[in-house]
Amino acid sequence: MVAAGPTGLELDGLIWSADGACEVAAAVLRVAPGEVGVVVAEPSVGEGLADVLTGLAAPARGMIRLDGEPVTGAPGDRPIALVPSGGGLLPHLTVERNVGFGLSGRVPRAARRSRVNEVLGQLRLESLRRKHPHEISPVQQLRVAVARALCAPTEPVAVVVEDRSGQIPCRAAAVTAAGQDLSVLIITDAAARIRMIGASTQVSCRRLARG
């Protein structure tokens with residue numbers, strides 16, 4: 001019997017709270033490794049979903065699976081990384097230090113340097129290592145943000161990418177992450193931006209009445 005390969009990220013009947021006064025649901029969504037899925041949600045709802053996916057908040061109901069294994073209530077670091085809208089790089093740090101930021105204090109310095117060098121090489125970002133965020137283009141900032149996600153303390157299987165109106169479309173982040181065989185889930189506040197992003201799967205959220 002041939003073992004099944006990685007299946008990626010799956011949201012199954014997920015319901016979570018948003019705005020402190022409502023509940024929101026997303027349909028079943030599956031995003032295979034190397035593919036891009038999109039959830040359309042207003043900003044506060046999208047932020048709530050990102051918190052649930054990355055383990056910062058618990059859903060009201062439903063299941064999150066990675067490669068078929070439930071991680072909904074898994075404590076500690078979860079192999080789902082976040083790329084904030086616009087990249088979210090720290091302006092006072094170089095690219096190299098931004099990429100390794102999540103490993104600071106968690107792994108020995110030599111191991112951190114080795115992992116950062118590996119990821120910068122993997123994404124062909126070595127020439128940017130000494131630059132600060134304001135010295136590189138918005139597209140490069142998004143690619144560096146993916147490099148930082150890859151250097152998370154727990155190596156990611158999936159990446160959540162936040163996309164917001166008023167920011168550069170997150171296509172560079174999505175393409176870069178998908179190229180590393182990660183399941184990529186974009187959470188955007190504007191359906192019209194999807195054409196600028198490109199995606200395999202799309203779902204919208206709906207509010208649920210309480211009571």
# chains A, B, ... in the order shown; residues from 1 in each chain; ligands from 1
call {"tool": "residues_around", "arguments": {"residues": "segment 26-34 of chain A", "least_positions_apart": "5", "cutoff": "12 Å", "atoms": "only C-alpha atoms", "output": "MDAnalysis selection string"}}
result
chainID A and resid 5:17 39:41 45:46 49 59 61:68 156:160 174:187 199:208
call {"tool": "select_by_dssp", "arguments": {"residues": "segment 61-177 of chain A", "states": "helix (DSSP H, G or I)", "output": "PDB file with N, CA, C and O atoms, in the first residue's frame"}}
result
ATOM      1  N   VAL A  95      17.354  42.976   7.075  1.00  0.00           N
ATOM      2  CA  VAL A  95      16.645  41.813   6.537  1.00  0.00           C
ATOM      3  C   VAL A  95      17.074  40.545   7.254  1.00  0.00           C
ATOM      4  O   VAL A  95      16.255  39.727   7.674  1.00  0.00           O
ATOM      5  N   GLU A  96      18.380  40.378   7.416  1.00  0.00           N
ATOM      6  CA  GLU A  96      18.907  39.177   8.071  1.00  0.00           C
ATOM      7  C   GLU A  96      18.339  39.014   9.480  1.00  0.00           C
ATOM      8  O   GLU A  96      17.907  37.924   9.873  1.00  0.00           O
ATOM      9  N   ARG A  97      18.296  40.097  10.242  1.00  0.00           N
ATOM     10  CA  ARG A  97      17.809  40.018  11.616  1.00  0.00           C
ATOM     11  C   ARG A  97      16.288  39.890  11.657  1.00  0.00           C
ATOM     12  O   ARG A  97      15.751  39.251  12.560  1.00  0.00           O
ATOM     13  N   ASN A  98      15.585  40.474  10.690  1.00  0.00           N
ATOM     14  CA  ASN A  98      14.149  40.271  10.605  1.00  0.00           C
ATOM     15  C   ASN A  98      13.823  38.795  10.374  1.00  0.00           C
ATOM     16  O   ASN A  98      12.937  38.232  11.020  1.00  0.00           O
ATOM     17  N   VAL A  99      14.546  38.191   9.448  1.00  0.00           N
ATOM     18  CA  VAL A  99      14.277  36.789   9.106  1.00  0.00           C
ATOM     19  C   VAL A  99      14.505  35.881  10.305  1.00  0.00           C
ATOM     20  O   VAL A  99      13.730  34.946  10.558  1.00  0.00           O
ATOM     21  N   PHE A 101      14.317  36.719  13.480  1.00  0.00           N
ATOM     22  CA  PHE A 101      13.767  37.283  14.713  1.00  0.00           C
ATOM     23  C   PHE A 101      13.024  36.242  15.558  1.00  0.00           C
ATOM     24  O   PHE A 101      13.166  36.197  16.780  1.00  0.00           O
ATOM     25  N   GLY A 102      12.222  35.389  14.922  1.00  0.00           N
ATOM     26  CA  GLY A 102      11.434  34.408  15.666  1.00  0.00           C
ATOM     27  C   GLY A 102      12.266  33.341  16.352  1.00  0.00           C
ATOM     28  O   GLY A 102      11.786  32.673  17.278  1.00  0.00           O
ATOM     29  N   LEU A 103      13.511  33.180  15.915  1.00  0.00           N
ATOM     30  CA  LEU A 103      14.384  32.169  16.510  1.00  0.00           C
ATOM     31  C   LEU A 103      15.236  32.733  17.645  1.00  0.00           C
ATOM     32  O   LEU A 103      15.883  31.978  18.370  1.00  0.00           O
ATOM     33  N   ARG A 109      22.855  30.608  18.776  1.00  0.00           N
ATOM     34  CA  ARG A 109      23.135  31.610  17.751  1.00  0.00           C
ATOM     35  C   ARG A 109      23.650  30.975  16.455  1.00  0.00           C
ATOM     36  O   ARG A 109      23.251  31.364  15.354  1.00  0.00           O
ATOM     37  N   ALA A 110      24.535  29.990  16.567  1.00  0.00           N
ATOM     38  CA  ALA A 110      25.095  29.366  15.366  1.00  0.00           C
ATOM     39  C   ALA A 110      24.005  28.665  14.554  1.00  0.00           C
ATOM     40  O   ALA A 110      23.994  28.740  13.324  1.00  0.00           O
ATOM     41  N   ALA A 111      23.105  27.984  15.251  1.00  0.00           N
ATOM     42  CA  ALA A 111      22.015  27.292  14.561  1.00  0.00           C
ATOM     43  C   ALA A 111      21.073  28.308  13.909  1.00  0.00           C
ATOM     44  O   ALA A 111      20.560  28.075  12.806  1.00  0.00           O
ATOM     45  N   ARG A 112      20.837  29.430  14.598  1.00  0.00           N
ATOM     46  CA  ARG A 112      19.972  30.470  14.035  1.00  0.00           C
ATOM     47  C   ARG A 112      20.597  31.054  12.772  1.00  0.00           C
ATOM     48  O   ARG A 112      19.922  31.206  11.751  1.00  0.00           O
ATOM     49  N   ARG A 113      21.884  31.348  12.845  1.00  0.00           N
ATOM     50  CA  ARG A 113      22.567  31.919  11.678  1.00  0.00           C
ATOM     51  C   ARG A 113      22.530  30.942  10.502  1.00  0.00           C
ATOM     52  O   ARG A 113      22.297  31.338   9.348  1.00  0.00           O
ATOM     53  N   SER A 114      22.730  29.662  10.802  1.00  0.00           N
ATOM     54  CA  SER A 114      22.715  28.650   9.747  1.00  0.00           C
ATOM     55  C   SER A 114      21.349  28.560   9.076  1.00  0.00           C
ATOM     56  O   SER A 114      21.251  28.492   7.844  1.00  0.00           O
ATOM     57  N   ARG A 115      20.291  28.581   9.886  1.00  0.00           N
ATOM     58  CA  ARG A 115      18.944  28.490   9.323  1.00  0.00           C
ATOM     59  C   ARG A 115      18.599  29.733   8.507  1.00  0.00           C
ATOM     60  O   ARG A 115      18.017  29.632   7.418  1.00  0.00           O
ATOM     61  N   VAL A 116      18.967  30.895   8.999  1.00  0.00           N
ATOM     62  CA  VAL A 116      18.700  32.135   8.256  1.00  0.00           C
ATOM     63  C   VAL A 116      19.441  32.122   6.923  1.00  0.00           C
ATOM     64  O   VAL A 116      18.862  32.453   5.882  1.00  0.00           O
ATOM     65  N   ASN A 117      20.700  31.716   6.939  1.00  0.00           N
ATOM     66  CA  ASN A 117      21.475  31.648   5.697  1.00  0.00           C
ATOM     67  C   ASN A 117      20.839  30.674   4.706  1.00  0.00           C
ATOM     68  O   ASN A 117      20.781  30.946   3.497  1.00  0.00           O
ATOM     69  N   GLU A 118      20.369  29.545   5.223  1.00  0.00           N
ATOM     70  CA  GLU A 118      19.727  28.540   4.368  1.00  0.00           C
ATOM     71  C   GLU A 118      18.492  29.108   3.689  1.00  0.00           C
ATOM     72  O   GLU A 118      18.288  28.947   2.478  1.00  0.00           O
ATOM     73  N   VAL A 119      17.650  29.795   4.463  1.00  0.00           N
ATOM     74  CA  VAL A 119      16.390  30.320   3.918  1.00  0.00           C
ATOM     75  C   VAL A 119      16.654  31.479   2.958  1.00  0.00           C
ATOM     76  O   VAL A 119      16.027  31.574   1.897  1.00  0.00           O
ATOM     77  N   LEU A 120      17.576  32.369   3.308  1.00  0.00           N
ATOM     78  CA  LEU A 120      17.906  33.468   2.394  1.00  0.00           C
ATOM     79  C   LEU A 120      18.407  32.926   1.060  1.00  0.00           C
ATOM     80  O   LEU A 120      18.063  33.448  -0.011  1.00  0.00           O
ATOM     81  N   GLY A 121      19.209  31.867   1.107  1.00  0.00           N
ATOM     82  CA  GLY A 121      19.681  31.250  -0.126  1.00  0.00           C
ATOM     83  C   GLY A 121      18.554  30.583  -0.899  1.00  0.00           C
ATOM     84  O   GLY A 121      18.473  30.684  -2.128  1.00  0.00           O
ATOM     85  N   GLN A 122      17.703  29.905  -0.182  1.00  0.00           N
ATOM     86  CA  GLN A 122      16.569  29.202  -0.777  1.00  0.00           C
ATOM     87  C   GLN A 122      15.675  30.158  -1.560  1.00  0.00           C
ATOM     88  O   GLN A 122      15.189  29.831  -2.647  1.00  0.00           O
ATOM     89  N   GLU A 126      19.906  36.629  -0.612  1.00  0.00           N
ATOM     90  CA  GLU A 126      21.185  36.889   0.059  1.00  0.00           C
ATOM     91  C   GLU A 126      21.658  38.330  -0.122  1.00  0.00           C
ATOM     92  O   GLU A 126      22.236  38.918   0.793  1.00  0.00           O
ATOM     93  N   SER A 127      21.411  38.910  -1.296  1.00  0.00           N
ATOM     94  CA  SER A 127      21.923  40.254  -1.578  1.00  0.00           C
ATOM     95  C   SER A 127      21.244  41.328  -0.733  1.00  0.00           C
ATOM     96  O   SER A 127      21.732  42.461  -0.658  1.00  0.00           O
ATOM     97  N   LEU A 128      20.140  40.978  -0.071  1.00  0.00           N
ATOM     98  CA  LEU A 128      19.392  41.958   0.719  1.00  0.00           C
ATOM     99  C   LEU A 128      19.714  41.882   2.207  1.00  0.00           C
ATOM    100  O   LEU A 128      19.208  42.691   2.980  1.00  0.00           O
ATOM    101  N   PRO A 133      14.290  47.451   5.878  1.00  0.00           N
ATOM    102  CA  PRO A 133      13.051  47.394   5.095  1.00  0.00           C
ATOM    103  C   PRO A 133      12.814  48.596   4.182  1.00  0.00           C
ATOM    104  O   PRO A 133      12.340  48.439   3.052  1.00  0.00           O
ATOM    105  N   HIS A 134      13.156  49.806   4.641  1.00  0.00           N
ATOM    106  CA  HIS A 134      12.900  50.989   3.805  1.00  0.00           C
ATOM    107  C   HIS A 134      13.821  51.056   2.589  1.00  0.00           C
ATOM    108  O   HIS A 134      13.592  51.866   1.680  1.00  0.00           O
ATOM    109  N   GLU A 135      14.849  50.206   2.562  1.00  0.00           N
ATOM    110  CA  GLU A 135      15.802  50.211   1.453  1.00  0.00           C
ATOM    111  C   GLU A 135      15.455  49.186   0.374  1.00  0.00           C
ATOM    112  O   GLU A 135      16.182  49.089  -0.628  1.00  0.00           O
ATOM    113  N   PRO A 138       8.485  47.129  -1.899  1.00  0.00           N
ATOM    114  CA  PRO A 138       7.382  46.447  -1.217  1.00  0.00           C
ATOM    115  C   PRO A 138       7.279  44.965  -1.575  1.00  0.00           C
ATOM    116  O   PRO A 138       6.963  44.138  -0.714  1.00  0.00           O
ATOM    117  N   VAL A 139       7.549  44.625  -2.829  1.00  0.00           N
ATOM    118  CA  VAL A 139       7.523  43.214  -3.230  1.00  0.00           C
ATOM    119  C   VAL A 139       8.617  42.439  -2.503  1.00  0.00           C
ATOM    120  O   VAL A 139       8.393  41.323  -2.004  1.00  0.00           O
ATOM    121  N   GLN A 140       9.809  43.013  -2.422  1.00  0.00           N
ATOM    122  CA  GLN A 140      10.891  42.351  -1.698  1.00  0.00           C
ATOM    123  C   GLN A 140      10.560  42.212  -0.214  1.00  0.00           C
ATOM    124  O   GLN A 140      10.886  41.204   0.410  1.00  0.00           O
ATOM    125  N   GLN A 141       9.896  43.215   0.350  1.00  0.00           N
ATOM    126  CA  GLN A 141       9.493  43.131   1.757  1.00  0.00           C
ATOM    127  C   GLN A 141       8.573  41.938   1.992  1.00  0.00           C
ATOM    128  O   GLN A 141       8.702  41.235   3.002  1.00  0.00           O
ATOM    129  N   LEU A 142       7.666  41.681   1.062  1.00  0.00           N
ATOM    130  CA  LEU A 142       6.764  40.539   1.207  1.00  0.00           C
ATOM    131  C   LEU A 142       7.538  39.220   1.122  1.00  0.00           C
ATOM    132  O   LEU A 142       7.249  38.278   1.863  1.00  0.00           O
ATOM    133  N   ARG A 143       8.508  39.152   0.246  1.00  0.00           N
ATOM    134  CA  ARG A 143       9.293  37.920   0.122  1.00  0.00           C
ATOM    135  C   ARG A 143      10.147  37.698   1.372  1.00  0.00           C
ATOM    136  O   ARG A 143      10.317  36.562   1.826  1.00  0.00           O
ATOM    137  N   VAL A 144      10.671  38.783   1.943  1.00  0.00           N
ATOM    138  CA  VAL A 144      11.423  38.665   3.193  1.00  0.00           C
ATOM    139  C   VAL A 144      10.499  38.209   4.316  1.00  0.00           C
ATOM    140  O   VAL A 144      10.899  37.412   5.181  1.00  0.00           O
ATOM    141  N   ALA A 145       9.257  38.687   4.315  1.00  0.00           N
ATOM    142  CA  ALA A 145       8.296  38.254   5.340  1.00  0.00           C
ATOM    143  C   ALA A 145       8.032  36.753   5.247  1.00  0.00           C
ATOM    144  O   ALA A 145       7.840  36.083   6.269  1.00  0.00           O
ATOM    145  N   VAL A 146       8.015  36.209   4.034  1.00  0.00           N
ATOM    146  CA  VAL A 146       7.873  34.755   3.878  1.00  0.00           C
ATOM    147  C   VAL A 146       9.111  34.051   4.416  1.00  0.00           C
ATOM    148  O   VAL A 146       9.009  33.006   5.080  1.00  0.00           O
ATOM    149  N   ALA A 147      10.281  34.616   4.156  1.00  0.00           N
ATOM    150  CA  ALA A 147      11.514  34.024   4.707  1.00  0.00           C
ATOM    151  C   ALA A 147      11.450  33.988   6.227  1.00  0.00           C
ATOM    152  O   ALA A 147      11.839  33.000   6.860  1.00  0.00           O
ATOM    153  N   ARG A 148      10.954  35.056   6.838  1.00  0.00           N
ATOM    154  CA  ARG A 148      10.809  35.075   8.297  1.00  0.00           C
ATOM    155  C   ARG A 148       9.826  33.987   8.747  1.00  0.00           C
ATOM    156  O   ARG A 148      10.055  33.313   9.764  1.00  0.00           O
ATOM    157  N   ALA A 149       8.729  33.803   7.997  1.00  0.00           N
ATOM    158  CA  ALA A 149       7.763  32.756   8.335  1.00  0.00           C
ATOM    159  C   ALA A 149       8.402  31.374   8.266  1.00  0.00           C
ATOM    160  O   ALA A 149       8.134  30.503   9.099  1.00  0.00           O
ATOM    161  N   LEU A 150       9.269  31.165   7.280  1.00  0.00           N
ATOM    162  CA  LEU A 150       9.946  29.873   7.154  1.00  0.00           C
ATOM    163  C   LEU A 150      10.902  29.623   8.313  1.00  0.00           C
ATOM    164  O   LEU A 150      11.219  28.473   8.622  1.00  0.00           O
ATOM    165  N   ARG A 171       0.449  39.131  -3.699  1.00  0.00           N
ATOM    166  CA  ARG A 171       0.795  38.082  -4.660  1.00  0.00           C
ATOM    167  C   ARG A 171       2.226  37.582  -4.488  1.00  0.00           C
ATOM    168  O   ARG A 171       2.484  36.375  -4.557  1.00  0.00           O
ATOM    169  N   ALA A 172       3.171  38.498  -4.258  1.00  0.00           N
ATOM    170  CA  ALA A 172       4.576  38.077  -4.122  1.00  0.00           C
ATOM    171  C   ALA A 172       4.760  37.124  -2.948  1.00  0.00           C
ATOM    172  O   ALA A 172       5.509  36.144  -3.038  1.00  0.00           O
ATOM    173  N   ALA A 173       4.072  37.408  -1.847  1.00  0.00           N
ATOM    174  CA  ALA A 173       4.162  36.520  -0.686  1.00  0.00           C
ATOM    175  C   ALA A 173       3.531  35.172  -0.999  1.00  0.00           C
ATOM    176  O   ALA A 173       4.074  34.114  -0.658  1.00  0.00           O
ATOM    177  N   ALA A 174       2.357  35.187  -1.646  1.00  0.00           N
ATOM    178  CA  ALA A 174       1.650  33.940  -1.946  1.00  0.00           C
ATOM    179  C   ALA A 174       2.454  33.057  -2.893  1.00  0.00           C
ATOM    180  O   ALA A 174       2.599  31.848  -2.666  1.00  0.00           O
ATOM    181  N   VAL A 175       2.997  33.650  -3.942  1.00  0.00           N
ATOM    182  CA  VAL A 175       3.762  32.882  -4.927  1.00  0.00           C
ATOM    183  C   VAL A 175       5.034  32.314  -4.291  1.00  0.00           C
ATOM    184  O   VAL A 175       5.400  31.158  -4.517  1.00  0.00           O
ATOM    185  N   THR A 176       5.703  33.138  -3.476  1.00  0.00           N
ATOM    186  CA  THR A 176       6.935  32.685  -2.822  1.00  0.00           C
ATOM    187  C   THR A 176       6.662  31.517  -1.882  1.00  0.00           C
ATOM    188  O   THR A 176       7.387  30.513  -1.900  1.00  0.00           O
ATOM    189  N   ALA A 177       5.621  31.641  -1.063  1.00  0.00           N
ATOM    190  CA  ALA A 177       5.308  30.569  -0.111  1.00  0.00           C
ATOM    191  C   ALA A 177       4.841  29.302  -0.824  1.00  0.00           C
ATOM    192  O   ALA A 177       5.243  28.188  -0.466  1.00  0.00           O
TER     193      ALA A 177
END
call {"tool": "atom_distance", "arguments": {"atom1": "atom CA of Val161 of chain A", "atom2": "atom CA of Leu90 of chain A"}}
result
17.0 Å
